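One structure is given below, encoded as structure tokens.
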Amino acid sequence: MMKRSAGEKVFAVFNTIFLLLLCVVFFLPVWHVAMGSISDPLKVAASSGLYLKPLGKPTLGGYRLIMQNSTILRAYGNTLIYVVSSTLFGLVLTILAAYVMSTRGLLFGKTFALFVVFTMIFNGGLVPTFLVVNKLGLIDTRWALIIPGAVSAYNIIIMRTSFSEIPGEMLDAARIDGADEFKILTSIILPVSKAIIAVIVLFYAVQHWNAWFNAAIYLQKSRNLYPLQLTLREIVLQATENSIIADADGQDVMIFRPLIKYATIMISIIPMMIVYPFVQKYFVTGVMIGSVKG
Amino acid sequence: MSSFSTAKPLKKKFTERLKKDFKNHWQMYLLALPVIAYFFIFNYAPMFGIVMAFEKFQIKKGIFGSRFVGFENFHRFFISPFFWRLLRNTLLISIYGLLFSFPLPIIFALCLNEVRNRKFKKVVQTVSYLPYFISVVVVVSILFDFGKANGLITNIATFFGWDGGAVISSAKWFRTLYIGSNLWQHLGYNSIIFISALAAVDPTLYEAARIDGANRWQQTLHVTLPGIASTIIVLLILRLGQIMGVGYEKIILMYGPSTYETGDVIASYVYRTGILDADYSYSTAVNLFNSLVNMVVLFTANFISRKVNETSIW
């Protein structure tokens with residue numbers, strides 16, 4: 001390594017400080033909510049600004065309150081159902097599409113690829129899509145949150161790119177041995193594609209965990225089917241926590257009310273916060289594959 | 001190309017190829033069937049539904065039974081008192097957003113690239129991805145908490161002489177908060193692509209530059225930036241193609257009657273008229289106008305880039 005000049009050393013110091021400051025900015029809002037959620041509720045109600053540490057004596061009262069609240073718990077359960085089913089459904093179709101697209105020598109291979117990719121460039125828009133879902137009778141059912149939006153052309157392309165890298169001789173050998181296409185997919189391609197499957201599962205799961213908009217338009221009368229994000233929206237943004245927590249009673253409710261929004265935000269992001277440091281490398285892989293072909 | 005004399009054998013050849021293809025690959029087409037059905041129902045059927053933009057659509061009569069009205073819905077939009085406000089808000093949010101959220105991930109990637117300590121680099125990267133994993137609802141929730149009267153951002157603004165109360169319900173602050181929180185959420189994630197492009201720059205080029213006496217800054221200017229230029233251009237074209245593509249999801253969580261003046265964009269208007277007011281034809285027409293403008297901008301940007309730079313997304 002060559003020697004660094006004085007100017008470069010000064011730059012290195014400032015660069016480090018700049019990046020550290022950025023880290024603080026990225027992290028601070030989450031920290032603020034975390035501290036708010038365990039603060040003394042009376043002090044939260046009266047305070048303002050940023051919470052760098054819990055105000056007053058730390059308490060888990062806010063969490064206790066939402067753990068007793070049937071609306072929030074049910075929304076949490078709904079989200080789990082939607083994330084798992086929609087991810088599974090999307091994954092299966094993504095694998096099928098990617099397999100067909102990665103197979104060479106199909107007469108309609110190009111047509112199929114175009115058929116899929118075109119959905120990335122153009123779409124029918126909000127109302128026509130809504131009317132199709134309506135026509136199918138999915139409004140106010142769980143299916144409306146599981147099927148529409150479950151398959152993304154972008155993810156298909158990422159998976160196709162990865163499948164194409166599997167040596168063709170391996171597949172041809174199996175075909176000569178008489179294996180059918182489905183068998184080749186399940187017993188040769190999928191076992192060697194665990195990493196890319198992990199990437200796609202994560203892409204879908206994060207997307208569905210954080211989704212709220214489809215629920216807002218497709219669930220019109222069935223509040224009992226709401227996912228967590230939509231309940232969160234009602235609590236924090238539409239300030240309807242009164243009606244949501246009305247079914248819980250006791251003194252706790254009155255006292256801990258100011259903590260509910262922070263605690264609900266926390267329970268919605270804690271799973272992500274725990275998982276993402278371990279899965280981020282898969283995300284990076286996915287973005288890189290996507291950028292090459294996208 | 002083809003003349004009448006060659007057309008026939010070609011055609012015959014085609015049917016033969018078709019037969020052979022189906023015989024060899026019918027299993028493949030069977031596997032493709034669910035995918036075709038899915039995209040057909042949830043993507044292509046809605047595209048067909050765009051026809052209603054040219055109709056006075058009534059849900060009882062359906063697409064085929066409703067009265068055809070030509071460009072009436074578009075005309076209604078163009079003469080609407082909201083037209084210019086929506087167009088202005090959409091373009092301003094988009095252009096200001098582009099000015100900040102396009103270069104900053106590149107600068108962030110360049111700064112990270114200068115870090116020698118691998119562990120520190122890794123930690124900064126990981127922390128920078130964190131906001132990406134947080135939902136829009138949560139981001140806007142935190143924004144409301146910081147932007148309420150007495151919230152962090154309002155307090156900072158007040159310190160610098162602002163006297164309009166809660167910034168979250170101020171039309172003057174809408175764009176700043178929208179773009180700022182977008183930046184917070186996507187800066188790290190958007191830098192991934194540049195970080196990987198930087199890693200792919202040929203190290204021998206740096207060596208050559210050093211031998212020529214270039215310092216770090218000159219190396220950045222003459223080796224690094226040209227090395228990632230094509231990535232930058234392709235991404236810029238793609239971003240330009242979304243110049244009218246300010247999404248509704250975050251806007252409708254953030255805005256309210258007091259911020260419509262700067263916050264209402266075409267997409268949120270499509271949502272309000274289409275879903276809340278059930279004015280289906282009109283909303284579809286507005287959305288179609290929006291998508292068409294996007295496509296024209298995308299094709300133009302790509303065309304110019306191909307002429308000037310020989311870089312193209314196709």
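Ordering of the structure tokens sets the chain letters (A, B, ...), residue numbers begin anew at 1 in every chain, and ligands are numbered from 1 in the order given.
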
Would you mind listing, as a ChimeraX atom specification, all residues of chain A that have at least one atom within 6 Å of chain B, where only C-alpha atoms are what counts? /A:48-50,93,123-124,127-129,210

Shell around Ser85 of chain A at 7 Å using only C-alpha atoms, local window under 4 positions removed, as a compact mmCIF listing (two decimals) with C-alpha atoms, in the first residue's frame:
```
# COMPACT_ATOMS: atom_id res chain seq x y z
CA ILE A 81 -51.53 -15.71 7.29
CA PHE A 89 -48.35 -18.81 -3.88
CA ILE A 146 -53.19 -13.33 -1.01
```

Nearby residues (only C-alpha atoms) at most 10 Å from Ile189 of chain A, same-chain spacing under 2 positions excluded, as a ChimeraX atom specification: /A:95,99,163,166,170-171,182-187,191-194

Residues from last step as file, N, CA, C and O atoms, as a PDB file, in the first residue's frame:
```pdb
ATOM      1  N   ILE A  95     -41.355 -19.687  -9.650  1.00  0.00           N
ATOM      2  CA  ILE A  95     -40.476 -20.791 -10.033  1.00  0.00           C
ATOM      3  C   ILE A  95     -40.902 -21.355 -11.389  1.00  0.00           C
ATOM      4  O   ILE A  95     -40.067 -21.557 -12.281  1.00  0.00           O
ATOM      5  N   TYR A  99     -38.587 -21.157 -14.697  1.00  0.00           N
ATOM      6  CA  TYR A  99     -38.133 -22.401 -15.317  1.00  0.00           C
ATOM      7  C   TYR A  99     -38.444 -22.391 -16.815  1.00  0.00           C
ATOM      8  O   TYR A  99     -37.586 -22.690 -17.649  1.00  0.00           O
ATOM      9  N   PHE A 163     -31.513 -19.511 -12.715  1.00  0.00           N
ATOM     10  CA  PHE A 163     -31.750 -20.836 -13.317  1.00  0.00           C
ATOM     11  C   PHE A 163     -30.911 -21.028 -14.587  1.00  0.00           C
ATOM     12  O   PHE A 163     -30.444 -22.123 -14.874  1.00  0.00           O
ATOM     13  N   ILE A 166     -27.514 -22.765 -14.446  1.00  0.00           N
ATOM     14  CA  ILE A 166     -27.366 -24.203 -14.202  1.00  0.00           C
ATOM     15  C   ILE A 166     -26.955 -24.863 -15.525  1.00  0.00           C
ATOM     16  O   ILE A 166     -27.605 -24.631 -16.546  1.00  0.00           O
ATOM     17  N   MET A 170     -26.551 -31.041 -17.463  1.00  0.00           N
ATOM     18  CA  MET A 170     -27.155 -31.734 -16.324  1.00  0.00           C
ATOM     19  C   MET A 170     -28.616 -32.076 -16.621  1.00  0.00           C
ATOM     20  O   MET A 170     -29.089 -33.171 -16.349  1.00  0.00           O
ATOM     21  N   LEU A 171     -29.325 -31.076 -17.185  1.00  0.00           N
ATOM     22  CA  LEU A 171     -30.745 -31.259 -17.460  1.00  0.00           C
ATOM     23  C   LEU A 171     -30.953 -32.222 -18.624  1.00  0.00           C
ATOM     24  O   LEU A 171     -31.836 -33.086 -18.590  1.00  0.00           O
ATOM     25  N   PHE A 182     -41.334 -31.761 -14.928  1.00  0.00           N
ATOM     26  CA  PHE A 182     -41.674 -31.450 -13.546  1.00  0.00           C
ATOM     27  C   PHE A 182     -40.652 -32.090 -12.600  1.00  0.00           C
ATOM     28  O   PHE A 182     -40.213 -31.491 -11.623  1.00  0.00           O
ATOM     29  N   LYS A 183     -40.285 -33.314 -12.958  1.00  0.00           N
ATOM     30  CA  LYS A 183     -39.296 -34.049 -12.156  1.00  0.00           C
ATOM     31  C   LYS A 183     -37.946 -33.320 -12.197  1.00  0.00           C
ATOM     32  O   LYS A 183     -37.264 -33.180 -11.170  1.00  0.00           O
ATOM     33  N   ILE A 184     -37.571 -32.849 -13.382  1.00  0.00           N
ATOM     34  CA  ILE A 184     -36.302 -32.127 -13.504  1.00  0.00           C
ATOM     35  C   ILE A 184     -36.316 -30.878 -12.639  1.00  0.00           C
ATOM     36  O   ILE A 184     -35.366 -30.586 -11.922  1.00  0.00           O
ATOM     37  N   LEU A 185     -37.455 -30.180 -12.687  1.00  0.00           N
ATOM     38  CA  LEU A 185     -37.576 -28.961 -11.891  1.00  0.00           C
ATOM     39  C   LEU A 185     -37.424 -29.264 -10.404  1.00  0.00           C
ATOM     40  O   LEU A 185     -36.653 -28.625  -9.699  1.00  0.00           O
ATOM     41  N   THR A 186     -38.164 -30.278  -9.926  1.00  0.00           N
ATOM     42  CA  THR A 186     -38.179 -30.512  -8.483  1.00  0.00           C
ATOM     43  C   THR A 186     -36.949 -31.255  -7.984  1.00  0.00           C
ATOM     44  O   THR A 186     -36.529 -31.050  -6.857  1.00  0.00           O
ATOM     45  N   SER A 187     -36.366 -32.122  -8.809  1.00  0.00           N
ATOM     46  CA  SER A 187     -35.266 -32.919  -8.257  1.00  0.00           C
ATOM     47  C   SER A 187     -33.886 -32.461  -8.705  1.00  0.00           C
ATOM     48  O   SER A 187     -32.891 -32.863  -8.128  1.00  0.00           O
ATOM     49  N   PRO A 191     -33.138 -28.193  -5.890  1.00  0.00           N
ATOM     50  CA  PRO A 191     -32.108 -28.450  -4.867  1.00  0.00           C
ATOM     51  C   PRO A 191     -30.844 -27.606  -5.021  1.00  0.00           C
ATOM     52  O   PRO A 191     -30.214 -27.280  -4.021  1.00  0.00           O
ATOM     53  N   VAL A 192     -30.490 -27.252  -6.262  1.00  0.00           N
ATOM     54  CA  VAL A 192     -29.276 -26.435  -6.404  1.00  0.00           C
ATOM     55  C   VAL A 192     -29.583 -24.936  -6.373  1.00  0.00           C
ATOM     56  O   VAL A 192     -28.695 -24.116  -6.530  1.00  0.00           O
ATOM     57  N   SER A 193     -30.859 -24.575  -6.176  1.00  0.00           N
ATOM     58  CA  SER A 193     -31.227 -23.158  -6.232  1.00  0.00           C
ATOM     59  C   SER A 193     -31.688 -22.621  -4.888  1.00  0.00           C
ATOM     60  O   SER A 193     -32.451 -21.668  -4.827  1.00  0.00           O
ATOM     61  N   LYS A 194     -31.198 -23.236  -3.806  1.00  0.00           N
ATOM     62  CA  LYS A 194     -31.693 -22.820  -2.483  1.00  0.00           C
ATOM     63  C   LYS A 194     -31.433 -21.347  -2.213  1.00  0.00           C
ATOM     64  O   LYS A 194     -32.283 -20.652  -1.653  1.00  0.00           O
TER      65      LYS A 194
END
```

Extract the full set of alpha helix (DSSP H) residues from segment 114-149 of chain A according to DSSP on the backbone, and format it as a list in words. Leu114, Phe115, Val116, Val117, Phe118, Thr119, Met120, Ile121, Leu126, Val127, Pro128, Thr129, Phe130, Leu131, Val132, Val133, Asn134, Lys135, Trp143, Ala144, Leu145 and Ile146 of chain A

Preceding selection exported with N, CA, C and O atoms as a PDB file, in the first residue's frame:
```pdb
ATOM      1  N   LEU A 114     -41.803 -12.077 -23.207  1.00  0.00           N
ATOM      2  CA  LEU A 114     -42.359 -10.764 -23.491  1.00  0.00           C
ATOM      3  C   LEU A 114     -43.674 -10.547 -22.731  1.00  0.00           C
ATOM      4  O   LEU A 114     -43.923  -9.482 -22.169  1.00  0.00           O
ATOM      5  N   PHE A 115     -44.472 -11.612 -22.703  1.00  0.00           N
ATOM      6  CA  PHE A 115     -45.757 -11.600 -22.004  1.00  0.00           C
ATOM      7  C   PHE A 115     -45.561 -11.241 -20.531  1.00  0.00           C
ATOM      8  O   PHE A 115     -46.318 -10.470 -19.952  1.00  0.00           O
ATOM      9  N   VAL A 116     -44.505 -11.802 -19.944  1.00  0.00           N
ATOM     10  CA  VAL A 116     -44.220 -11.536 -18.528  1.00  0.00           C
ATOM     11  C   VAL A 116     -43.623 -10.141 -18.342  1.00  0.00           C
ATOM     12  O   VAL A 116     -44.073  -9.360 -17.499  1.00  0.00           O
ATOM     13  N   VAL A 117     -42.622  -9.804 -19.166  1.00  0.00           N
ATOM     14  CA  VAL A 117     -41.894  -8.547 -18.977  1.00  0.00           C
ATOM     15  C   VAL A 117     -42.782  -7.330 -19.248  1.00  0.00           C
ATOM     16  O   VAL A 117     -42.646  -6.305 -18.599  1.00  0.00           O
ATOM     17  N   PHE A 118     -43.704  -7.476 -20.177  1.00  0.00           N
ATOM     18  CA  PHE A 118     -44.570  -6.347 -20.520  1.00  0.00           C
ATOM     19  C   PHE A 118     -45.341  -5.827 -19.297  1.00  0.00           C
ATOM     20  O   PHE A 118     -45.618  -4.636 -19.194  1.00  0.00           O
ATOM     21  N   THR A 119     -45.641  -6.739 -18.352  1.00  0.00           N
ATOM     22  CA  THR A 119     -46.390  -6.311 -17.162  1.00  0.00           C
ATOM     23  C   THR A 119     -45.570  -5.363 -16.301  1.00  0.00           C
ATOM     24  O   THR A 119     -46.112  -4.696 -15.429  1.00  0.00           O
ATOM     25  N   MET A 120     -44.232  -5.326 -16.526  1.00  0.00           N
ATOM     26  CA  MET A 120     -43.408  -4.386 -15.769  1.00  0.00           C
ATOM     27  C   MET A 120     -43.497  -2.988 -16.349  1.00  0.00           C
ATOM     28  O   MET A 120     -43.299  -2.000 -15.657  1.00  0.00           O
ATOM     29  N   ILE A 121     -43.740  -2.916 -17.660  1.00  0.00           N
ATOM     30  CA  ILE A 121     -43.710  -1.617 -18.334  1.00  0.00           C
ATOM     31  C   ILE A 121     -45.075  -0.932 -18.274  1.00  0.00           C
ATOM     32  O   ILE A 121     -45.175   0.271 -18.145  1.00  0.00           O
ATOM     33  N   LEU A 126     -55.176   1.460 -11.318  1.00  0.00           N
ATOM     34  CA  LEU A 126     -55.878   1.185 -10.073  1.00  0.00           C
ATOM     35  C   LEU A 126     -57.306   0.676 -10.274  1.00  0.00           C
ATOM     36  O   LEU A 126     -57.664  -0.398  -9.796  1.00  0.00           O
ATOM     37  N   VAL A 127     -58.107   1.451 -10.996  1.00  0.00           N
ATOM     38  CA  VAL A 127     -59.525   1.126 -11.091  1.00  0.00           C
ATOM     39  C   VAL A 127     -59.805  -0.175 -11.863  1.00  0.00           C
ATOM     40  O   VAL A 127     -60.514  -1.047 -11.356  1.00  0.00           O
ATOM     41  N   PRO A 128     -59.230  -0.349 -13.069  1.00  0.00           N
ATOM     42  CA  PRO A 128     -59.491  -1.613 -13.778  1.00  0.00           C
ATOM     43  C   PRO A 128     -59.054  -2.835 -12.970  1.00  0.00           C
ATOM     44  O   PRO A 128     -59.753  -3.854 -12.955  1.00  0.00           O
ATOM     45  N   THR A 129     -57.928  -2.744 -12.268  1.00  0.00           N
ATOM     46  CA  THR A 129     -57.497  -3.865 -11.439  1.00  0.00           C
ATOM     47  C   THR A 129     -58.501  -4.114 -10.313  1.00  0.00           C
ATOM     48  O   THR A 129     -58.886  -5.258 -10.043  1.00  0.00           O
ATOM     49  N   PHE A 130     -58.907  -3.039  -9.685  1.00  0.00           N
ATOM     50  CA  PHE A 130     -59.905  -3.148  -8.617  1.00  0.00           C
ATOM     51  C   PHE A 130     -61.186  -3.821  -9.120  1.00  0.00           C
ATOM     52  O   PHE A 130     -61.745  -4.701  -8.465  1.00  0.00           O
ATOM     53  N   LEU A 131     -61.613  -3.432 -10.327  1.00  0.00           N
ATOM     54  CA  LEU A 131     -62.861  -3.982 -10.858  1.00  0.00           C
ATOM     55  C   LEU A 131     -62.723  -5.470 -11.190  1.00  0.00           C
ATOM     56  O   LEU A 131     -63.676  -6.239 -11.016  1.00  0.00           O
ATOM     57  N   VAL A 132     -61.535  -5.889 -11.650  1.00  0.00           N
ATOM     58  CA  VAL A 132     -61.318  -7.315 -11.914  1.00  0.00           C
ATOM     59  C   VAL A 132     -61.414  -8.107 -10.611  1.00  0.00           C
ATOM     60  O   VAL A 132     -62.102  -9.131 -10.531  1.00  0.00           O
ATOM     61  N   VAL A 133     -60.744  -7.603  -9.579  1.00  0.00           N
ATOM     62  CA  VAL A 133     -60.784  -8.284  -8.281  1.00  0.00           C
ATOM     63  C   VAL A 133     -62.218  -8.325  -7.748  1.00  0.00           C
ATOM     64  O   VAL A 133     -62.665  -9.321  -7.188  1.00  0.00           O
ATOM     65  N   ASN A 134     -62.925  -7.248  -7.973  1.00  0.00           N
ATOM     66  CA  ASN A 134     -64.329  -7.167  -7.570  1.00  0.00           C
ATOM     67  C   ASN A 134     -65.171  -8.201  -8.311  1.00  0.00           C
ATOM     68  O   ASN A 134     -65.960  -8.944  -7.718  1.00  0.00           O
ATOM     69  N   LYS A 135     -64.949  -8.259  -9.630  1.00  0.00           N
ATOM     70  CA  LYS A 135     -65.703  -9.180 -10.484  1.00  0.00           C
ATOM     71  C   LYS A 135     -65.475 -10.635 -10.070  1.00  0.00           C
ATOM     72  O   LYS A 135     -66.363 -11.476 -10.149  1.00  0.00           O
ATOM     73  N   TRP A 143     -58.637 -13.919   0.231  1.00  0.00           N
ATOM     74  CA  TRP A 143     -57.982 -14.152  -1.059  1.00  0.00           C
ATOM     75  C   TRP A 143     -57.546 -12.858  -1.717  1.00  0.00           C
ATOM     76  O   TRP A 143     -56.554 -12.830  -2.440  1.00  0.00           O
ATOM     77  N   ALA A 144     -58.284 -11.776  -1.470  1.00  0.00           N
ATOM     78  CA  ALA A 144     -57.954 -10.493  -2.094  1.00  0.00           C
ATOM     79  C   ALA A 144     -56.572 -10.005  -1.662  1.00  0.00           C
ATOM     80  O   ALA A 144     -55.933  -9.210  -2.347  1.00  0.00           O
ATOM     81  N   LEU A 145     -56.110 -10.481  -0.496  1.00  0.00           N
ATOM     82  CA  LEU A 145     -54.797 -10.045  -0.022  1.00  0.00           C
ATOM     83  C   LEU A 145     -53.735 -11.097  -0.300  1.00  0.00           C
ATOM     84  O   LEU A 145     -52.561 -10.903  -0.033  1.00  0.00           O
ATOM     85  N   ILE A 146     -54.160 -12.256  -0.781  1.00  0.00           N
ATOM     86  CA  ILE A 146     -53.194 -13.331  -1.014  1.00  0.00           C
ATOM     87  C   ILE A 146     -52.832 -13.422  -2.491  1.00  0.00           C
ATOM     88  O   ILE A 146     -51.667 -13.539  -2.852  1.00  0.00           O
TER      89      ILE A 146
END
```

Nearest to Met273 of chain A, restricted to only C-alpha atoms and choosing among A:Val30, A:Leu19, A:Leu190, A:Leu136, comes out as A:Val30

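Going from atom CA of Gln207 of chain A over to atom CA of Gly180 of chain B, you cover 21.8 Å.
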
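By chain and then residue number, the residues within 12 Å of Pro203 of chain B are Leu198, Ala199, Glu207, Ala208, Ala209, Arg210, Gln219, Val223, Thr224 and Gly227 of chain B, counting only C-alpha atoms and disregarding those fewer than 4 positions away in sequence.
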
Selection from above, all heavy atoms, as a PDB file, in the first residue's frame, can you write it?
```
ATOM      1  N   LEU B 198     -18.991  -0.112  -8.261  1.00  0.00           N
ATOM      2  CA  LEU B 198     -17.663   0.371  -7.852  1.00  0.00           C
ATOM      3  C   LEU B 198     -16.702  -0.785  -7.637  1.00  0.00           C
ATOM      4  O   LEU B 198     -15.523  -0.706  -7.985  1.00  0.00           O
ATOM      5  CB  LEU B 198     -17.781   1.180  -6.556  1.00  0.00           C
ATOM      6  CG  LEU B 198     -18.345   2.582  -6.696  1.00  0.00           C
ATOM      7  CD1 LEU B 198     -18.597   3.186  -5.327  1.00  0.00           C
ATOM      8  CD2 LEU B 198     -17.387   3.450  -7.490  1.00  0.00           C
ATOM      9  N   ALA B 199     -17.238  -1.869  -7.078  1.00  0.00           N
ATOM     10  CA  ALA B 199     -16.385  -3.032  -6.810  1.00  0.00           C
ATOM     11  C   ALA B 199     -15.921  -3.670  -8.114  1.00  0.00           C
ATOM     12  O   ALA B 199     -14.920  -4.379  -8.138  1.00  0.00           O
ATOM     13  CB  ALA B 199     -17.142  -4.039  -5.960  1.00  0.00           C
ATOM     14  N   GLU B 207      -4.093   1.502 -10.429  1.00  0.00           N
ATOM     15  CA  GLU B 207      -2.644   1.379 -10.366  1.00  0.00           C
ATOM     16  C   GLU B 207      -1.992   2.269 -11.420  1.00  0.00           C
ATOM     17  O   GLU B 207      -1.066   3.021 -11.128  1.00  0.00           O
ATOM     18  CB  GLU B 207      -2.278  -0.080 -10.622  1.00  0.00           C
ATOM     19  CG  GLU B 207      -1.261  -0.638  -9.654  1.00  0.00           C
ATOM     20  CD  GLU B 207      -1.283  -2.144  -9.707  1.00  0.00           C
ATOM     21  OE1 GLU B 207      -2.112  -2.757  -8.997  1.00  0.00           O
ATOM     22  OE2 GLU B 207      -0.508  -2.686 -10.492  1.00  0.00           O
ATOM     23  N   ALA B 208      -2.541   2.168 -12.640  1.00  0.00           N
ATOM     24  CA  ALA B 208      -2.006   2.968 -13.737  1.00  0.00           C
ATOM     25  C   ALA B 208      -2.114   4.448 -13.411  1.00  0.00           C
ATOM     26  O   ALA B 208      -1.179   5.225 -13.639  1.00  0.00           O
ATOM     27  CB  ALA B 208      -2.756   2.653 -15.025  1.00  0.00           C
ATOM     28  N   ALA B 209      -3.272   4.851 -12.843  1.00  0.00           N
ATOM     29  CA  ALA B 209      -3.484   6.261 -12.514  1.00  0.00           C
ATOM     30  C   ALA B 209      -2.477   6.708 -11.460  1.00  0.00           C
ATOM     31  O   ALA B 209      -1.947   7.816 -11.519  1.00  0.00           O
ATOM     32  CB  ALA B 209      -4.914   6.467 -12.013  1.00  0.00           C
ATOM     33  N   ARG B 210      -2.220   5.816 -10.469  1.00  0.00           N
ATOM     34  CA  ARG B 210      -1.267   6.167  -9.408  1.00  0.00           C
ATOM     35  C   ARG B 210       0.132   6.356  -9.981  1.00  0.00           C
ATOM     36  O   ARG B 210       0.846   7.282  -9.613  1.00  0.00           O
ATOM     37  CB  ARG B 210      -1.255   5.067  -8.338  1.00  0.00           C
ATOM     38  CG  ARG B 210      -2.253   5.311  -7.221  1.00  0.00           C
ATOM     39  CD  ARG B 210      -1.866   4.551  -5.974  1.00  0.00           C
ATOM     40  NE  ARG B 210      -1.868   3.116  -6.184  1.00  0.00           N
ATOM     41  CZ  ARG B 210      -2.943   2.348  -6.003  1.00  0.00           C
ATOM     42  NH1 ARG B 210      -4.083   2.873  -5.630  1.00  0.00           N
ATOM     43  NH2 ARG B 210      -2.875   1.059  -6.220  1.00  0.00           N
ATOM     44  N   GLN B 219      -8.146  10.228  -8.994  1.00  0.00           N
ATOM     45  CA  GLN B 219      -8.528   8.857  -9.340  1.00  0.00           C
ATOM     46  C   GLN B 219     -10.047   8.710  -9.371  1.00  0.00           C
ATOM     47  O   GLN B 219     -10.614   8.077 -10.249  1.00  0.00           O
ATOM     48  CB  GLN B 219      -7.950   7.870  -8.325  1.00  0.00           C
ATOM     49  CG  GLN B 219      -6.456   7.679  -8.457  1.00  0.00           C
ATOM     50  CD  GLN B 219      -5.902   6.848  -7.313  1.00  0.00           C
ATOM     51  OE1 GLN B 219      -6.554   5.917  -6.851  1.00  0.00           O
ATOM     52  NE2 GLN B 219      -4.714   7.183  -6.861  1.00  0.00           N
ATOM     53  N   VAL B 223     -11.054   7.750 -12.924  1.00  0.00           N
ATOM     54  CA  VAL B 223     -11.179   6.296 -13.009  1.00  0.00           C
ATOM     55  C   VAL B 223     -12.541   5.822 -12.491  1.00  0.00           C
ATOM     56  O   VAL B 223     -13.301   5.164 -13.185  1.00  0.00           O
ATOM     57  CB  VAL B 223     -10.051   5.580 -12.222  1.00  0.00           C
ATOM     58  CG1 VAL B 223     -10.216   4.070 -12.329  1.00  0.00           C
ATOM     59  CG2 VAL B 223      -8.698   6.020 -12.725  1.00  0.00           C
ATOM     60  N   THR B 224     -12.858   6.214 -11.241  1.00  0.00           N
ATOM     61  CA  THR B 224     -14.072   5.697 -10.613  1.00  0.00           C
ATOM     62  C   THR B 224     -15.329   6.124 -11.352  1.00  0.00           C
ATOM     63  O   THR B 224     -16.138   5.283 -11.755  1.00  0.00           O
ATOM     64  CB  THR B 224     -14.162   6.178  -9.147  1.00  0.00           C
ATOM     65  OG1 THR B 224     -12.888   6.002  -8.540  1.00  0.00           O
ATOM     66  CG2 THR B 224     -15.200   5.395  -8.394  1.00  0.00           C
ATOM     67  N   GLY B 227     -15.882   4.703 -14.625  1.00  0.00           N
ATOM     68  CA  GLY B 227     -16.111   3.272 -14.471  1.00  0.00           C
ATOM     69  C   GLY B 227     -17.553   2.927 -14.171  1.00  0.00           C
ATOM     70  O   GLY B 227     -18.034   1.852 -14.529  1.00  0.00           O
TER      71      GLY B 227
END
```

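Of note, atom CA of Ala215 of chain A and atom CA of Val236 of chain A are spaced 16.8 Å apart.
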
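The protein and nucleic acid residues lying at most 8 Å from Ser39 of chain A are Pro54, Leu55, Gly56, Lys57, Pro58, Thr59 and Leu259 of chain A, with only C-alpha atoms considered and sequence neighbours fewer than 6 positions away removed.
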
Would you write out those residues with N, CA and C atoms, as an mmCIF file, in the first residue's frame?
```cif
data_model
loop_
_atom_site.group_PDB
_atom_site.id
_atom_site.type_symbol
_atom_site.label_atom_id
_atom_site.label_comp_id
_atom_site.auth_asym_id
_atom_site.auth_seq_id
_atom_site.Cartn_x
_atom_site.Cartn_y
_atom_site.Cartn_z
ATOM 1 N N PRO A 54 -35.576 6.255 27.848
ATOM 2 C CA PRO A 54 -36.959 6.219 28.327
ATOM 3 C C PRO A 54 -37.217 7.389 29.266
ATOM 4 N N LEU A 55 -38.371 8.025 29.106
ATOM 5 C CA LEU A 55 -38.745 9.085 30.038
ATOM 6 C C LEU A 55 -39.265 8.422 31.304
ATOM 7 N N GLY A 56 -38.766 8.871 32.431
ATOM 8 C CA GLY A 56 -39.233 8.299 33.699
ATOM 9 C C GLY A 56 -38.795 6.853 33.843
ATOM 10 N N LYS A 57 -39.574 6.114 34.635
ATOM 11 C CA LYS A 57 -39.214 4.729 34.917
ATOM 12 C C LYS A 57 -39.680 3.849 33.751
ATOM 13 N N PRO A 58 -38.766 3.032 33.165
ATOM 14 C CA PRO A 58 -39.173 2.181 32.039
ATOM 15 C C PRO A 58 -40.317 1.246 32.421
ATOM 16 N N THR A 59 -41.247 1.049 31.492
ATOM 17 C CA THR A 59 -42.389 0.191 31.778
ATOM 18 C C THR A 59 -42.756 -0.606 30.532
ATOM 19 N N LEU A 259 -48.884 5.231 25.022
ATOM 20 C CA LEU A 259 -47.807 4.334 24.583
ATOM 21 C C LEU A 259 -48.234 3.405 23.461
#
```
